[in-house]
$ cat run.txt   # compact mmCIF, C-alpha atoms
# COMPACT_ATOMS: atom_id res chain seq x y z
CA MET A 183 8.91 48.81 -14.92
CA THR A 184 5.18 48.19 -14.61
CA ALA A 185 3.56 46.53 -11.62
CA SER A 186 3.01 43.19 -13.38
CA GLN A 187 6.66 43.11 -14.48
CA PHE A 188 7.78 43.79 -10.94
CA VAL A 189 5.56 41.00 -9.52
CA ALA A 190 6.70 38.57 -12.23
CA THR A 191 10.38 39.30 -11.52
CA PHE A 192 9.85 38.94 -7.78
CA LEU A 193 8.03 35.60 -8.18
CA GLY A 194 10.66 34.45 -10.68
CA ALA A 195 13.40 35.10 -8.13
CA ILE A 196 11.51 33.08 -5.49
CA VAL A 197 10.93 30.21 -7.94
CA ALA A 198 14.57 30.15 -9.03
CA ALA A 199 15.96 30.27 -5.49
CA SER A 200 13.65 27.60 -4.12
CA SER A 201 14.26 25.24 -7.07
CA VAL A 202 18.00 25.50 -6.40
CA GLY A 203 17.18 24.75 -2.76
CA VAL A 204 15.39 21.51 -3.71
CA VAL A 205 18.56 20.17 -5.32
CA ALA A 206 21.10 21.64 -2.90
CA MET A 207 19.53 20.73 0.46
CA ARG A 208 21.11 17.68 2.07
CA SER A 209 18.09 16.88 4.18
CA PRO A 210 15.11 15.60 2.14
CA VAL A 211 12.66 17.32 4.50
CA LEU A 212 14.20 20.74 3.82
CA GLY A 213 14.19 19.94 0.11
CA ALA A 214 10.49 19.10 0.25
CA LEU A 215 9.76 22.36 2.09
CA CYS A 216 11.66 24.27 -0.62
CA LEU A 217 9.49 22.49 -3.18
CA VAL A 218 6.35 23.64 -1.34
CA VAL A 219 7.57 27.25 -1.57
CA ASN A 220 8.38 26.71 -5.25
CA LEU A 221 4.96 25.26 -6.10
CA THR A 222 3.15 28.05 -4.24
CA ALA A 223 5.15 30.69 -6.13
CA VAL A 224 4.32 28.95 -9.41
CA ALA A 225 0.64 29.08 -8.40
CA ALA A 226 1.01 32.84 -7.86
CA MET A 227 2.54 33.08 -11.35
CA TYR A 228 -0.48 31.25 -12.79
CA ALA A 229 -2.75 33.78 -11.07
CA LEU A 230 -0.66 36.63 -12.49
CA LEU A 231 -0.95 35.13 -15.98
CA GLY A 232 -4.74 34.98 -15.61
CA ALA A 233 -5.07 31.21 -15.17
CA HIS A 234 -7.25 31.43 -12.06
CA PHE A 235 -8.53 27.85 -12.09
CA LEU A 236 -5.05 26.39 -12.49
CA ALA A 237 -3.70 28.58 -9.68
CA ALA A 238 -6.29 27.12 -7.30
CA ALA A 239 -5.74 23.58 -8.57
CA GLN A 240 -1.97 23.97 -8.22
CA ILE A 241 -2.29 24.91 -4.55
CA VAL A 242 -4.84 22.19 -3.74
CA VAL A 243 -3.28 19.34 -5.73
CA TYR A 244 0.43 20.06 -5.75
CA ALA A 245 1.29 22.17 -2.72
CA GLY A 246 -1.41 20.44 -0.71
CA ALA A 247 -1.96 16.79 -1.56
CA ILE A 248 1.20 15.66 -3.34
CA MET A 249 3.62 17.39 -0.99
CA VAL A 250 1.84 16.04 2.10
CA VAL A 251 2.25 12.51 0.70
CA VAL A 252 5.93 13.16 -0.04
CA LEU A 253 6.55 14.47 3.48
CA PHE A 254 4.72 11.48 4.97
CA VAL A 255 6.92 9.07 3.01
CA ILE A 256 10.09 10.91 4.10
CA MET A 257 9.02 10.66 7.72
CA LEU A 258 7.93 7.04 7.33
CA LEU A 259 11.28 5.96 5.91
CA ASN A 260 13.22 8.05 8.48
CA LEU A 261 15.97 9.01 6.04
CA GLN A 262 18.85 10.26 8.13
CA GLU A 263 21.85 8.68 6.45
CA GLU A 264 21.07 11.04 3.58
CA GLU A 265 22.35 14.07 5.44
CA ASN A 266 26.05 13.21 5.58
CA ARG A 267 26.31 12.20 1.96
CA ALA A 268 28.12 14.70 -0.28
CA ILE A 269 27.52 15.07 -3.99
CA PRO A 270 30.54 13.63 -5.85
CA ARG A 271 32.49 16.46 -7.49
CA LYS A 272 32.82 14.71 -10.87
CA ALA A 273 29.06 14.25 -11.08
CA ALA A 274 28.48 17.89 -10.11
CA VAL A 275 30.85 19.17 -12.82
CA ALA A 276 29.40 16.90 -15.51
CA GLY A 277 25.81 17.69 -14.53
CA GLY A 278 26.62 21.41 -14.38
CA ILE A 279 28.08 21.46 -17.89
CA ALA A 280 25.16 19.44 -19.27
CA SER A 281 22.55 21.66 -17.66
CA ILE A 282 24.22 24.92 -18.75
CA LEU A 283 24.22 23.58 -22.32
CA LEU A 284 20.55 22.64 -21.94
CA LEU A 285 19.65 26.12 -20.61
CA SER A 286 21.50 27.79 -23.48
CA LEU A 287 19.46 25.65 -25.87
CA ILE A 288 16.05 26.25 -24.30
CA ALA A 289 16.13 29.88 -23.17
CA PRO A 290 16.84 31.58 -26.54
CA ILE A 291 14.02 29.65 -28.20
CA LEU A 292 11.54 30.77 -25.55
CA VAL A 293 12.79 34.37 -25.51
CA SER A 294 12.73 34.66 -29.30
CA GLN A 295 8.96 34.17 -29.28
CA PHE A 296 8.44 37.68 -27.96
CA GLY A 297 9.70 41.15 -28.67
CA THR A 298 11.20 43.08 -25.82
CA THR A 299 8.34 45.55 -25.55
CA ASP A 300 5.78 45.12 -22.81
CA SER A 301 2.37 45.03 -24.40
CA GLY A 302 0.72 44.48 -21.01
CA LEU A 303 -1.21 41.39 -20.06
CA PRO A 304 -4.27 40.69 -22.23
CA ALA A 305 -7.56 39.85 -20.54
CA PRO A 306 -7.32 36.56 -18.60
CA VAL A 307 -8.52 33.55 -20.61
CA GLY A 308 -8.25 30.94 -17.86
CA THR A 309 -11.09 32.02 -15.61
CA VAL A 310 -12.84 29.26 -13.67
CA LYS A 311 -15.99 29.53 -15.77
CA ALA A 312 -14.20 29.40 -19.13
CA THR A 313 -11.98 26.48 -18.08
CA GLY A 314 -14.95 24.54 -16.74
CA MET A 315 -16.90 25.07 -19.94
CA GLU A 316 -13.97 23.84 -21.99
CA LEU A 317 -13.37 20.79 -19.76
CA TYR A 318 -17.00 19.66 -19.76
CA THR A 319 -17.73 20.26 -23.46
CA ARG A 320 -14.81 19.79 -25.83
CA TYR A 321 -12.62 17.79 -23.47
CA VAL A 322 -15.26 15.69 -21.72
CA VAL A 323 -13.94 12.32 -22.98
CA PRO A 324 -10.32 12.92 -21.91
CA PHE A 325 -11.70 14.22 -18.61
CA GLU A 326 -13.51 10.92 -17.95
CA ILE A 327 -10.43 8.95 -19.04
CA ALA A 328 -8.41 10.96 -16.51
CA SER A 329 -10.75 9.78 -13.76
CA PHE A 330 -10.14 6.16 -14.82
CA LEU A 331 -6.40 6.85 -14.73
CA ILE A 332 -6.59 8.20 -11.20
CA MET A 333 -8.62 5.20 -10.04
CA THR A 334 -6.06 2.82 -11.56
CA GLY A 335 -3.31 4.78 -9.84
CA VAL A 336 -4.96 4.52 -6.43
CA VAL A 337 -5.47 0.75 -6.79
CA GLY A 338 -1.88 0.37 -8.01
CA ALA A 339 -0.48 2.36 -5.10
CA VAL A 340 -2.37 0.23 -2.55
CA ALA A 341 -1.31 -3.02 -4.28
CA LEU A 342 2.35 -1.94 -4.41
CA SER A 343 2.65 -0.71 -0.86
CA ARG A 344 1.01 -3.80 0.66
CA GLY A 345 4.16 -5.79 -0.04
CA PRO A 346 4.64 -9.32 -1.41
CA ARG A 347 1.99 -11.86 -0.48
CA GLN A 348 4.40 -14.70 0.42
CA GLU A 349 6.06 -12.65 3.13
CA ARG A 350 2.70 -11.89 4.70
CA THR A 351 1.49 -15.51 4.79
CA VAL A 352 4.88 -16.70 6.11
CA GLY A 353 4.75 -14.03 8.78
CA ARG A 354 1.23 -15.07 9.72
CA LYS A 355 2.20 -18.77 9.94
CA ALA A 356 5.24 -17.95 12.08
CA GLY A 357 3.05 -15.86 14.33
CA ALA A 358 0.52 -18.69 14.60
CA GLU A 359 3.26 -21.19 15.49
CA GLU A 360 4.61 -18.85 18.12
CA THR A 361 1.24 -18.57 19.80
CA ARG A 362 0.81 -22.38 19.58
CA SER A 363 4.19 -23.04 21.21
CA GLN A 364 3.32 -20.63 23.97
CA MET B 209 15.28 46.24 -20.02
CA MET B 210 11.60 45.97 -20.82
CA SER B 211 10.17 42.51 -20.96
CA SER B 212 6.61 41.28 -20.69
CA PRO B 213 5.56 39.19 -17.66
CA GLU B 214 5.04 36.15 -19.89
CA MET B 215 8.65 36.30 -21.01
CA ILE B 216 9.88 36.51 -17.43
CA CYS B 217 7.76 33.44 -16.63
CA LEU B 218 9.19 31.58 -19.63
CA VAL B 219 12.78 32.32 -18.64
CA THR B 220 11.98 31.20 -15.07
CA ALA B 221 10.48 28.00 -16.43
CA ALA B 222 13.59 27.31 -18.52
CA PHE B 223 15.76 27.80 -15.46
CA MET B 224 13.53 25.56 -13.33
CA PHE B 225 13.66 22.78 -15.91
CA THR B 226 17.45 23.02 -16.04
CA VAL B 227 17.76 22.83 -12.27
CA GLY B 228 15.50 19.77 -12.28
CA THR B 229 17.67 18.08 -14.91
CA PHE B 230 20.80 18.91 -12.90
CA GLY B 231 19.24 17.35 -9.81
CA MET B 232 18.32 14.20 -11.73
CA CYS B 233 21.94 13.91 -12.90
CA VAL B 234 23.58 14.60 -9.55
CA ARG B 235 21.44 13.37 -6.67
CA ARG B 236 21.25 9.65 -5.90
CA SER B 237 18.37 9.57 -3.45
CA ALA B 238 15.17 8.31 -5.05
CA ILE B 239 12.93 10.75 -3.21
CA VAL B 240 15.02 13.79 -4.20
CA MET B 241 15.01 12.54 -7.79
CA PHE B 242 11.23 12.31 -7.54
CA MET B 243 11.06 15.93 -6.40
CA CYS B 244 13.28 16.92 -9.33
CA ILE B 245 10.79 15.28 -11.69
CA GLU B 246 8.07 17.40 -10.08
CA LEU B 247 10.22 20.49 -10.73
CA MET B 248 10.55 19.62 -14.41
CA LEU B 249 6.82 18.91 -14.76
CA ASN B 250 6.04 22.29 -13.21
CA ALA B 251 8.44 24.08 -15.52
CA VAL B 252 6.68 22.61 -18.55
CA ASN B 253 3.28 23.50 -17.05
CA LEU B 254 4.39 27.10 -16.55
CA THR B 255 5.49 27.28 -20.20
CA PHE B 256 2.11 25.95 -21.32
CA VAL B 257 0.21 28.52 -19.24
CA ALA B 258 2.37 31.47 -20.33
CA LEU B 259 2.09 30.62 -24.02
CA SER B 260 -1.64 29.87 -23.78
CA GLN B 261 -2.21 33.28 -22.19
CA ARG B 262 -0.12 34.89 -24.93
CA VAL B 263 -2.05 33.20 -27.72
CA GLY B 264 -5.38 33.85 -26.00
CA ASN B 265 -6.39 30.19 -26.31
CA LEU B 266 -7.54 27.90 -23.51
CA ASP B 267 -6.22 24.61 -24.91
CA GLY B 268 -2.82 24.91 -23.24
CA GLN B 269 -4.40 25.33 -19.83
CA VAL B 270 -6.56 22.24 -20.32
CA VAL B 271 -3.38 20.30 -21.13
CA VAL B 272 -1.89 21.57 -17.86
CA PHE B 273 -4.97 20.28 -16.01
CA PHE B 274 -4.42 16.79 -17.44
CA THR B 275 -0.72 16.99 -16.64
CA MET B 276 -1.68 17.66 -13.02
CA CYS B 277 -3.88 14.54 -13.01
CA VAL B 278 -1.02 12.43 -14.35
CA ALA B 279 1.38 13.99 -11.84
CA ALA B 280 -0.93 13.10 -8.95
CA VAL B 281 -1.13 9.47 -10.11
CA GLU B 282 2.62 9.43 -10.66
CA ALA B 283 3.15 10.69 -7.10
CA ALA B 284 0.96 7.95 -5.62
CA VAL B 285 2.50 5.09 -7.62
CA GLY B 286 6.07 6.45 -7.40
CA LEU B 287 5.99 6.83 -3.64
CA ALA B 288 4.48 3.34 -3.24
CA LEU B 289 7.38 2.02 -5.36
CA ILE B 290 9.89 3.90 -3.20
CA ILE B 291 8.35 2.38 -0.07
CA SER B 292 8.48 -1.15 -1.45
CA VAL B 293 12.09 -0.69 -2.64
CA PHE B 294 13.00 0.55 0.84
CA ARG B 295 11.31 -2.49 2.32
CA SER B 296 13.45 -4.93 0.33
CA PHE B 297 16.79 -3.06 0.31
CA GLN B 298 16.64 -0.91 3.49
CA SER B 299 17.84 1.99 1.33
CA ILE B 300 16.60 4.24 -1.46
CA GLN B 301 20.03 5.23 -2.77
CA THR B 302 19.80 4.39 -6.46
CA ASN B 303 23.42 3.25 -6.71
CA GLU B 304 22.93 0.73 -3.89
CA VAL B 305 19.79 -0.71 -5.40
CA SER B 306 21.48 -2.38 -8.36
CA GLU B 307 20.06 -5.91 -8.39
CA LEU B 308 16.81 -6.93 -10.01
CA ARG B 309 16.34 -10.05 -7.91
CA MET B 310 15.60 -9.87 -4.23
$ encode --input "run.txt" --output "structure tokens"
Amino acid sequence: MTASQFVATFLGAIVAASSVGVVAMRSPVLGALCLVVNLTAVAAMYALLGAHFLAAAQIVVYAGAIMVVVLFVIMLLNLQEEENRAIPRKAAVAGGIASILLLSLIAPILVSQFGTTDSGLPAPVGTVKATGMELYTRYVVPFEIASFLIMTGVVGAVALSRGPRQERTVGRKAGAEETRSQ
Amino acid sequence: MMSSPEMICLVTAAFMFTVGTFGMCVRRSAIVMFMCIELMLNAVNLTFVALSQRVGNLDGQVVVFFTMCVAAVEAAVGLALIISVFRSFQSIQTNEVSELRM
């Protein structure tokens, strides 16, 4: 077993265990922390595969930004009733059968792409310089469209989380009447 | 058993996707379902990166970059939706939120 095989197996075990943890944990906070471990291990896998830029982006965007937002929402909503809720057994059996069937469909297709011999990793193609060149030359139009998408998403998130307008004006009127009656 | 690191990554990705699907089927809390979607997105990203490294072509990794952009937007909008659902129903259990009108 070469060094890269050993590291890949080790990271694979971490990824598998923490993804099971996301689903199995009763408390959403523990699930989110499992997901942080999972995303960091996937970033390490990207680095192993030679995708250096994506490894950095994975840590900054996923394990950093997205998971902080998720944890903030969990704390904001104060979800405690979640913890004493068991998964119904029927649903677990049905989901288990369906997902085993799905795995037996996907895994052989992926495995059949390669022989069993280890040819070693080829030189990394996803270095920061190469990815940047590709993004700003061939993919420059999709790149700009992605920035529009993100801006739309930010505006949409603010508009959605502000709540309905009626409620706000009613609340303001009620507040005004209260101060007047005082 | 000799297998290349890419293949180990691909098998891991298949497993991760399956676990994400299982979670979507079984869990009823909107925020856990959201995290399962993230799991599935990451599994597909890992497949893209492993195969792009195997082929020696950068296109797959650029696709993963755009997937990350979409995932970030999805996180922002999805969590805002979860907050506004919680505000109207005082719950984010998907089987309790069954009415379209308020």
$ atom_distance --input "run.txt" --atom1 "CA of Met241 (chain B)" --atom2 "CA of Phe330 (chain A)"
26.9 Å
$ interface_residues --input "run.txt" --of "chain B" --to "chain A" --cutoff "8 Å" --atoms "all atoms listed in the file" --output "PyMOL selection string"
chain B and resi 209-220+222-224+226-231+233-235+237+239-240+243-244+247+250+254+257-258+261-262+264-266+269-270+272-274+276-278+280-285+287-289+291-292+294
$ atom_distance --input "run.txt" --atom1 "CA of Cys216 (chain A)" --atom2 "CA of Leu259 (chain B)"
26.1 Å
$ atom_distance --input "run.txt" --atom1 "CA of Asn303 (chain B)" --atom2 "CA of Glu246 (chain B)"
21.1 Å
$ decode --input "run.txt" --residues "region 329-348 of chain A" --atoms "N, CA and C atoms" --output "CSV table (one decimal), in the first residue's frame"
chain,number,residue,atom,x,y,z
A,329,SER,N,-21.5,35.7,-10.7
A,329,SER,CA,-21.5,36.8,-9.7
A,329,SER,C,-22.9,37.4,-9.7
A,330,PHE,N,-23.6,37.5,-10.8
A,330,PHE,CA,-25.0,37.9,-10.8
A,330,PHE,C,-25.9,37.0,-10.0
A,331,LEU,N,-25.6,35.7,-10.1
A,331,LEU,CA,-26.4,34.8,-9.4
A,331,LEU,C,-26.3,35.0,-7.9
A,332,ILE,N,-25.0,35.2,-7.5
A,332,ILE,CA,-24.8,35.4,-6.0
A,332,ILE,C,-25.5,36.7,-5.5
A,333,MET,N,-25.4,37.7,-6.4
A,333,MET,CA,-26.1,39.0,-5.9
A,333,MET,C,-27.6,38.8,-5.8
A,334,THR,N,-28.2,38.1,-6.8
A,334,THR,CA,-29.6,37.8,-6.7
A,334,THR,C,-29.9,37.0,-5.4
A,335,GLY,N,-29.1,36.0,-5.1
A,335,GLY,CA,-29.3,35.2,-3.9
A,335,GLY,C,-29.2,36.1,-2.7
A,336,VAL,N,-28.3,37.0,-2.6
A,336,VAL,CA,-28.2,37.8,-1.4
A,336,VAL,C,-29.4,38.7,-1.2
A,337,VAL,N,-29.9,39.3,-2.3
A,337,VAL,CA,-31.1,40.1,-2.3
A,337,VAL,C,-32.3,39.3,-1.9
A,338,GLY,N,-32.4,38.1,-2.5
A,338,GLY,CA,-33.5,37.2,-2.2
A,338,GLY,C,-33.5,36.8,-0.7
A,339,ALA,N,-32.3,36.5,-0.2
A,339,ALA,CA,-32.3,36.1,1.2
A,339,ALA,C,-32.7,37.2,2.2
A,340,VAL,N,-32.3,38.4,1.9
A,340,VAL,CA,-32.7,39.5,2.7
A,340,VAL,C,-34.2,39.7,2.6
A,341,ALA,N,-34.8,39.7,1.4
A,341,ALA,CA,-36.2,39.9,1.2
A,341,ALA,C,-37.0,38.8,1.9
A,342,LEU,N,-36.5,37.6,1.8
A,342,LEU,CA,-37.3,36.5,2.4
A,342,LEU,C,-37.3,36.6,3.9
A,343,SER,N,-36.1,36.9,4.5
A,343,SER,CA,-36.0,36.8,6.0
A,343,SER,C,-36.5,38.1,6.6
A,344,ARG,N,-36.9,39.1,5.9
A,344,ARG,CA,-37.5,40.3,6.5
A,344,ARG,C,-38.9,40.1,6.9
A,345,GLY,N,-39.6,39.1,6.4
A,345,GLY,CA,-41.0,38.7,6.8
A,345,GLY,C,-42.0,39.5,6.0
A,346,PRO,N,-43.3,39.2,6.1
A,346,PRO,CA,-44.3,39.8,5.3
A,346,PRO,C,-44.5,41.3,5.7
A,347,ARG,N,-44.8,42.1,4.7
A,347,ARG,CA,-44.9,43.6,5.0
A,347,ARG,C,-46.1,44.0,5.9
A,348,GLN,N,-47.2,43.3,5.6
A,348,GLN,CA,-48.4,43.6,6.4
A,348,GLN,C,-48.2,43.6,7.9
